[in-house]
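Asker: Compact mmCIF, C-alpha atoms, file my_file.txt:
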```
# COMPACT_ATOMS: atom_id res chain seq x y z
CA MET A 1 129.75 22.76 248.17
CA LYS A 2 131.15 25.32 250.63
CA PRO A 3 128.86 26.82 253.26
CA GLU A 4 129.07 30.33 251.61
CA GLU A 5 128.02 28.87 248.25
CA ASP A 6 125.16 27.04 249.93
CA LYS A 7 123.83 30.29 251.44
CA ILE A 8 124.15 32.11 248.13
CA SER A 9 122.42 29.33 246.23
CA ALA A 10 119.61 29.36 248.78
CA GLY A 11 119.12 33.08 248.14
CA LYS A 12 120.38 34.05 251.57
CA SER A 13 123.62 35.85 250.77
CA ARG A 14 125.22 37.57 253.71
CA LEU A 15 127.78 40.32 253.77
CA PRO A 16 131.10 39.33 255.27
CA LEU A 17 131.74 40.87 258.70
CA GLN A 18 134.29 43.27 257.25
CA ASP A 19 131.83 44.64 254.68
CA SER A 20 129.05 45.14 257.22
CA ALA A 21 131.45 47.08 259.44
CA SER A 22 132.38 49.35 256.53
CA VAL A 23 128.67 49.84 255.76
CA ARG A 24 128.06 50.86 259.39
CA ARG A 25 131.05 53.23 259.24
CA ALA A 26 129.75 54.78 256.01
CA SER A 27 126.29 55.16 257.53
CA ALA A 28 127.68 56.79 260.66
CA LYS A 29 129.77 59.13 258.52
CA ALA A 30 126.68 60.12 256.50
CA VAL A 31 124.75 60.87 259.69
CA VAL A 32 127.60 63.00 261.06
CA GLU A 33 128.00 64.87 257.76
CA THR A 34 124.28 65.61 257.64
CA ALA A 35 124.25 66.74 261.28
CA VAL A 36 127.22 69.06 260.75
CA MET A 37 125.68 70.55 257.60
CA SER A 38 122.39 71.13 259.45
CA ALA A 39 124.17 72.76 262.38
CA MET A 40 126.13 75.02 260.02
CA LEU A 41 122.92 76.11 258.31
CA VAL A 42 121.23 76.93 261.63
CA ALA A 43 124.33 78.70 262.97
CA GLY A 44 124.81 80.64 259.73
CA LYS A 45 121.22 81.87 259.82
CA LEU A 46 121.39 82.76 263.50
CA ALA A 47 124.70 84.59 263.12
CA LEU A 48 123.21 87.00 260.60
CA SER A 49 119.62 87.10 261.87
CA PHE A 50 120.03 90.62 263.24
CA ILE A 51 120.44 91.98 259.68
CA PRO A 52 117.14 91.71 257.76
CA ASN A 53 117.37 89.38 254.74
CA VAL A 54 121.15 89.16 254.74
CA GLU A 55 121.80 85.45 254.75
CA VAL A 56 124.54 82.93 254.12
CA VAL A 57 122.22 79.92 253.94
CA THR A 58 121.89 80.05 250.14
CA THR A 59 125.66 79.79 249.73
CA LEU A 60 125.95 77.00 252.30
CA VAL A 61 123.11 74.98 250.75
CA ILE A 62 124.68 75.22 247.29
CA VAL A 63 128.16 74.38 248.62
CA PHE A 64 126.73 71.37 250.48
CA GLY A 65 124.85 70.21 247.39
CA VAL A 66 128.04 70.42 245.34
CA THR A 67 130.31 68.70 247.86
CA PHE A 68 127.97 66.24 249.59
CA GLY A 69 125.37 65.63 246.90
CA PHE A 70 121.87 64.66 247.95
CA LYS A 71 122.85 64.45 251.64
CA ALA A 72 122.41 68.23 251.49
CA VAL A 73 118.68 67.71 250.97
CA ALA A 74 118.48 65.82 254.27
CA ALA A 75 120.42 68.64 255.94
CA THR A 76 117.99 71.24 254.60
CA LEU A 77 115.03 69.23 255.90
CA ILE A 78 116.58 69.26 259.37
CA PHE A 79 117.41 72.97 259.02
CA CYS A 80 113.83 73.81 258.05
CA THR A 81 112.48 71.80 260.96
CA ALA A 82 114.86 73.48 263.42
CA ASP A 83 113.93 76.88 261.97
CA MET A 84 110.27 76.25 262.80
CA PHE A 85 111.26 75.79 266.45
CA LEU A 86 113.67 78.73 266.64
CA TYR A 87 111.42 81.33 265.06
CA ALA A 88 107.70 81.90 265.28
CA PHE A 89 105.94 79.17 263.32
CA SER A 90 104.09 80.34 260.25
CA ILE A 91 102.51 77.90 257.80
CA ASP A 92 103.36 80.01 254.76
CA VAL A 93 107.02 80.25 255.74
CA ALA A 94 107.15 76.54 256.58
CA ILE A 95 105.80 75.57 253.17
CA ALA A 96 108.09 77.98 251.33
CA TYR A 97 111.16 76.85 253.27
CA PHE A 98 110.55 73.13 252.84
CA VAL A 99 109.99 73.58 249.10
CA TYR A 100 112.73 76.12 248.39
CA TRP A 101 115.72 74.93 250.41
CA ASP A 102 115.26 71.29 249.41
CA ALA A 103 114.90 72.24 245.74
CA LEU A 104 118.01 74.43 245.90
CA ALA A 105 120.08 71.65 247.49
CA ALA A 106 118.81 69.11 244.94
CA ALA A 107 119.55 71.48 242.04
CA ALA A 108 123.13 71.99 243.24
CA ALA A 109 123.58 68.23 243.73
CA ILE A 110 122.22 67.50 240.24
CA MET A 111 124.46 70.15 238.66
CA SER A 112 127.49 68.75 240.47
CA ARG A 113 126.64 65.18 239.53
CA ALA A 114 126.29 66.33 235.90
CA GLY A 115 129.90 67.51 236.09
CA ILE A 116 129.26 71.24 236.13
CA LYS A 117 132.27 72.87 237.75
CA ALA A 118 132.01 76.48 236.58
CA ARG A 119 131.60 78.87 239.49
CA TYR A 120 129.42 81.20 237.46
CA ALA A 121 126.87 78.39 236.95
CA TYR A 122 126.41 78.11 240.71
CA LEU A 123 126.32 81.88 241.04
CA ILE A 124 123.47 81.90 238.51
CA LEU A 125 121.77 79.14 240.52
CA ALA A 126 122.03 81.30 243.65
CA LEU A 127 120.65 84.37 241.88
CA VAL A 128 117.80 82.52 240.18
CA GLY A 129 117.09 80.67 243.42
CA THR A 130 117.03 83.86 245.46
CA LEU A 131 114.69 85.53 242.98
CA SER A 132 112.49 82.42 243.04
CA PHE A 133 112.43 82.52 246.83
CA GLY A 134 110.87 85.98 246.73
CA VAL A 135 108.21 84.82 244.31
CA LEU A 136 107.57 81.59 246.24
CA THR A 137 107.22 83.25 249.64
CA SER A 138 104.92 85.96 248.24
CA LEU A 139 102.83 83.40 246.35
CA THR A 140 102.55 81.11 249.37
CA TYR A 141 101.52 84.02 251.59
CA SER A 142 98.98 85.19 249.00
CA LEU A 143 97.40 81.77 248.60
CA ILE A 144 97.19 80.93 252.28
CA TYR A 145 95.93 84.31 253.48
CA SER A 146 93.81 85.14 250.38
CA VAL A 147 95.70 88.35 249.64
CA PRO A 148 96.51 89.55 246.11
CA PHE A 149 100.00 88.48 244.99
CA ALA A 150 101.21 91.75 243.41
CA PRO A 151 101.04 93.99 246.50
CA VAL A 152 102.65 91.30 248.65
CA TYR A 153 105.49 90.87 246.17
CA VAL A 154 106.00 94.62 245.68
CA PHE A 155 106.05 95.15 249.45
CA GLY A 156 108.81 92.54 249.75
CA LEU A 157 111.04 93.93 246.97
CA PRO A 158 113.43 95.84 249.29
CA PHE A 159 113.92 92.66 251.32
CA TYR A 160 114.43 90.55 248.20
CA ALA A 161 116.99 93.07 246.94
CA ALA A 162 118.98 92.77 250.19
CA GLN A 163 118.76 89.00 250.01
CA LEU A 164 119.87 88.99 246.37
CA LEU A 165 122.84 91.23 247.12
CA SER A 166 123.91 89.13 250.10
CA SER A 167 123.65 85.94 248.01
CA LEU A 168 125.80 87.53 245.31
CA VAL A 169 128.43 88.65 247.82
CA PHE A 170 128.57 85.40 249.79
CA MET A 171 128.64 83.25 246.64
CA SER A 172 131.34 85.40 245.03
CA VAL A 173 133.54 85.37 248.11
CA GLY A 174 132.75 82.06 249.81
CA PHE A 175 131.72 79.45 247.25
CA ALA A 176 135.13 78.37 245.92
CA PRO A 177 137.02 78.35 249.26
CA LEU A 178 134.23 76.53 251.07
CA CYS A 179 134.03 73.88 248.33
CA ARG A 180 137.82 73.40 248.47
CA VAL A 181 137.88 73.03 252.26
CA LEU A 182 134.89 70.68 252.41
CA ARG A 183 136.22 68.47 249.61
CA ARG A 184 139.52 68.17 251.43
CA ILE A 185 138.03 67.22 254.80
CA ARG A 186 135.30 65.04 253.35
```
Output the file's structure in the form of structure tokens.

Answerer:
Amino acid sequence: MKPEEDKISAGKSRLPLQDSASVRRASAKAVVETAVMSAMLVAGKLALSFIPNVEVVTTLVIVFGVTFGFKAVAATLIFCTADMFLYAFSIDVAIAYFVYWDALAAAAAIMSRAGIKARYAYLILALVGTLSFGVLTSLTYSLIYSVPFAPVYVFGLPFYAAQLLSSLVFMSVGFAPLCRVLRRIR
């Protein structure tokens, strides 16, 4: 019996050196991809932060979910954490962000994994997601601060409209080219 067979038969299989090096390389690549996605989310939000509720983060999260799969969820977790340090911390915003951005990234990853390639499907995801964000943030605020939901939501409608329009524009213009570029460099 060869030494490798002996280890396997004893239940102590070991990866060959070459395989463990490729595993380390793949792990390092995943960390770098996640870090770059997180940095792009933070930079994208900061770049447009002077315009109320105009944001590119929805488009980036969906693009990352499509091209990088569930690694995008890790990137959104880092983004949400960084956001809490960059802007004034608010428990209602923290809860809404950690729920919404992770769910949006996971939805895009699931759709991509299911083989959905139609751009309009991801545009619908962005629109439904953006509408859901308005409801989620209003509901979270209402529950935490014991304020009726309807006035909070109605007060936010102009902001949600701006956010919806910006999502529509950025998704229409940026989704396909960003997916192409990221698939090529990935």

Asker: List the spatial neighbours of segment 145-154 of chain A as a list in words - criterion: any atom at most 8 Å away, only C-alpha atoms, same-chain residues fewer than 4 positions off excluded.

Answerer: Gly134, Val135, Ser138, Leu139 and Tyr141 of chain A

Asker: Which is closest to Tyr120 of chain A among A:Leu168, A:Arg184, A:Ala72, A:Arg24, if we use only C-alpha atoms?

Answerer: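 The answer is A:Leu168, which sits nearest to Tyr120 of chain A.
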
Asker: Leaving out Ile62 of chain A and any residue of its chain fewer than 5 positions from it, which residues lie within 12 Å of it when counting all atoms listed in the file, given as a PyMOL selection string?

Answerer: chain A and resi 37+41+56-57+67-73+75-76+101-112+119+121-127+129-130+167+170-171+174-176+178-179

Asker: If you keep C-alpha atoms, can you produce a file of those selected residues as a JSON list (two decimals), in the coordinates of the input?

Answerer:
```json
[["chain", "number", "residue", "atom", "x", "y", "z"],
["A", 37, "MET", "CA", 125.68, 70.55, 257.60],
["A", 41, "LEU", "CA", 122.92, 76.11, 258.31],
["A", 56, "VAL", "CA", 124.54, 82.93, 254.12],
["A", 57, "VAL", "CA", 122.22, 79.92, 253.94],
["A", 67, "THR", "CA", 130.31, 68.70, 247.86],
["A", 68, "PHE", "CA", 127.97, 66.24, 249.59],
["A", 69, "GLY", "CA", 125.37, 65.63, 246.90],
["A", 70, "PHE", "CA", 121.87, 64.66, 247.95],
["A", 71, "LYS", "CA", 122.85, 64.45, 251.64],
["A", 72, "ALA", "CA", 122.41, 68.23, 251.49],
["A", 73, "VAL", "CA", 118.68, 67.71, 250.97],
["A", 75, "ALA", "CA", 120.42, 68.64, 255.94],
["A", 76, "THR", "CA", 117.99, 71.24, 254.60],
["A", 101, "TRP", "CA", 115.72, 74.93, 250.41],
["A", 102, "ASP", "CA", 115.26, 71.29, 249.41],
["A", 103, "ALA", "CA", 114.90, 72.24, 245.74],
["A", 104, "LEU", "CA", 118.01, 74.43, 245.90],
["A", 105, "ALA", "CA", 120.08, 71.65, 247.49],
["A", 106, "ALA", "CA", 118.81, 69.11, 244.94],
["A", 107, "ALA", "CA", 119.55, 71.48, 242.04],
["A", 108, "ALA", "CA", 123.13, 71.99, 243.24],
["A", 109, "ALA", "CA", 123.58, 68.23, 243.73],
["A", 110, "ILE", "CA", 122.22, 67.50, 240.24],
["A", 111, "MET", "CA", 124.46, 70.15, 238.66],
["A", 112, "SER", "CA", 127.49, 68.75, 240.47],
["A", 119, "ARG", "CA", 131.60, 78.87, 239.49],
["A", 121, "ALA", "CA", 126.87, 78.39, 236.95],
["A", 122, "TYR", "CA", 126.41, 78.11, 240.71],
["A", 123, "LEU", "CA", 126.32, 81.88, 241.04],
["A", 124, "ILE", "CA", 123.47, 81.90, 238.51],
["A", 125, "LEU", "CA", 121.77, 79.14, 240.52],
["A", 126, "ALA", "CA", 122.03, 81.30, 243.65],
["A", 127, "LEU", "CA", 120.65, 84.37, 241.88],
["A", 129, "GLY", "CA", 117.09, 80.67, 243.42],
["A", 130, "THR", "CA", 117.03, 83.86, 245.46],
["A", 167, "SER", "CA", 123.65, 85.94, 248.01],
["A", 170, "PHE", "CA", 128.57, 85.40, 249.79],
["A", 171, "MET", "CA", 128.64, 83.25, 246.64],
["A", 174, "GLY", "CA", 132.75, 82.06, 249.81],
["A", 175, "PHE", "CA", 131.72, 79.45, 247.25],
["A", 176, "ALA", "CA", 135.13, 78.37, 245.92],
["A", 178, "LEU", "CA", 134.23, 76.53, 251.07],
["A", 179, "CYS", "CA", 134.03, 73.88, 248.33]]
```

Asker: May I have the centre and edge lengths, in Å to one decimal, of an axis-aligned box around the listed atoms of segment 121-124 of chain A with 8 Å added to every side, as JSON?

Answerer:
```
{"center_x": 125.2, "center_y": 80.0, "center_z": 239.0, "size_x": 19.4, "size_y": 19.8, "size_z": 20.1}
```

Asker: Atom CA of Arg180 of chain A and atom CA of Lys117 of chain A, how far apart in Å?

Answerer: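 Rounded to one decimal, the two atoms are 12.1 Å apart.
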
Asker: Counting all atoms listed in the file, which residue out of A:Thr59, A:Ser166, A:Thr140, A:Ser172 sits closest to Ala94 of chain A?

Answerer: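 Comparing A:Thr59, A:Ser166, A:Thr140, A:Ser172 against Ala94 of chain A, the winner is A:Thr140.
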
Asker: Return the single residue from A:Val66, A:Leu60, A:Ala114, A:Ala96 that is closest to Ala39 of chain A, with distances computed using only C-alpha atoms.

Answerer: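 Selected residue with least distance to Ala39 of chain A: A:Leu60.
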
Asker: Show me as a PyMOL selection string the residues that reach within 8 Å of (107.1, 78.2, 249.1), counting all atoms listed in the file and using the file's own coordinates.

Answerer: chain A and resi 92-100+133+136-137+139-140

Asker: Mind pulling up the distance from atom CA of Pro177 of chain A to atom CA of Leu165 of chain A?

Answerer: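 Interatomic distance, atom CA of Leu165 of chain A to atom CA of Pro177 of chain A: 19.3 Å.
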
Asker: Please measure the separation of atom CA of Thr58 of chain A and atom CA of Gly44 of chain A, giving the value in Å to one decimal.

Answerer: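 Separation of atom CA of Thr58 of chain A and atom CA of Gly44 of chain A: 10.0 Å.
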
Asker: Restricting the calculation to only C-alpha atoms, which member of A:Thr81, A:Val63, A:Ile91, A:Ala74 is positioned closest to Val32 of chain A?

Answerer: A:Ala74

Asker: Taking N, CA, C and O atoms as the atom set, what does segment 108-126 of chain A look like once completed, written as a CSV table (one decimal), in the coordinates of the input?

Answerer:
```csv
chain,number,residue,atom,x,y,z
A,108,ALA,N,121.7,71.9,243.1
A,108,ALA,CA,123.1,72.0,243.2
A,108,ALA,C,123.7,70.6,243.1
A,108,ALA,O,124.7,70.4,242.5
A,109,ALA,N,123.1,69.6,243.8
A,109,ALA,CA,123.6,68.2,243.7
A,109,ALA,C,123.5,67.7,242.3
A,109,ALA,O,124.4,67.0,241.8
A,110,ILE,N,122.4,68.0,241.6
A,110,ILE,CA,122.2,67.5,240.2
A,110,ILE,C,123.3,68.2,239.3
A,110,ILE,O,123.9,67.5,238.5
A,111,MET,N,123.5,69.5,239.5
A,111,MET,CA,124.5,70.2,238.7
A,111,MET,C,125.9,69.6,238.9
A,111,MET,O,126.6,69.4,238.0
A,112,SER,N,126.2,69.3,240.1
A,112,SER,CA,127.5,68.8,240.5
A,112,SER,C,127.6,67.4,239.9
A,112,SER,O,128.7,67.0,239.3
A,113,ARG,N,126.6,66.6,240.1
A,113,ARG,CA,126.6,65.2,239.5
A,113,ARG,C,126.8,65.2,238.0
A,113,ARG,O,127.3,64.3,237.4
A,114,ALA,N,126.2,66.2,237.4
A,114,ALA,CA,126.3,66.3,235.9
A,114,ALA,C,127.7,66.8,235.5
A,114,ALA,O,127.9,66.9,234.3
A,115,GLY,N,128.5,67.1,236.4
A,115,GLY,CA,129.9,67.5,236.1
A,115,GLY,C,130.1,69.0,235.9
A,115,GLY,O,131.1,69.4,235.4
A,116,ILE,N,129.1,69.8,236.3
A,116,ILE,CA,129.3,71.2,236.1
A,116,ILE,C,130.2,71.8,237.2
A,116,ILE,O,129.9,71.6,238.4
A,117,LYS,N,131.3,72.4,236.8
A,117,LYS,CA,132.3,72.9,237.8
A,117,LYS,C,132.4,74.4,237.7
A,117,LYS,O,133.0,75.0,238.6
A,118,ALA,N,131.9,75.0,236.7
A,118,ALA,CA,132.0,76.5,236.6
A,118,ALA,C,131.3,77.2,237.7
A,118,ALA,O,130.2,77.0,238.0
A,119,ARG,N,132.1,78.1,238.4
A,119,ARG,CA,131.6,78.9,239.5
A,119,ARG,C,130.4,79.7,239.1
A,119,ARG,O,129.5,79.9,239.9
A,120,TYR,N,130.5,80.3,237.9
A,120,TYR,CA,129.4,81.2,237.5
A,120,TYR,C,128.1,80.5,237.4
A,120,TYR,O,127.0,81.0,237.6
A,121,ALA,N,128.1,79.2,237.0
A,121,ALA,CA,126.9,78.4,237.0
A,121,ALA,C,126.2,78.3,238.3
A,121,ALA,O,125.0,78.4,238.4
A,122,TYR,N,127.0,78.2,239.4
A,122,TYR,CA,126.4,78.1,240.7
A,122,TYR,C,126.0,79.5,241.2
A,122,TYR,O,125.1,79.6,242.0
A,123,LEU,N,126.7,80.5,240.7
A,123,LEU,CA,126.3,81.9,241.0
A,123,LEU,C,125.0,82.2,240.4
A,123,LEU,O,124.1,82.8,241.1
A,124,ILE,N,124.8,81.7,239.2
A,124,ILE,CA,123.5,81.9,238.5
A,124,ILE,C,122.4,81.1,239.3
A,124,ILE,O,121.3,81.6,239.5
A,125,LEU,N,122.7,79.9,239.7
A,125,LEU,CA,121.8,79.1,240.5
A,125,LEU,C,121.4,79.9,241.8
A,125,LEU,O,120.2,80.0,242.1
A,126,ALA,N,122.3,80.5,242.4
A,126,ALA,CA,122.0,81.3,243.6
A,126,ALA,C,121.1,82.5,243.3
A,126,ALA,O,120.2,82.8,244.1
```
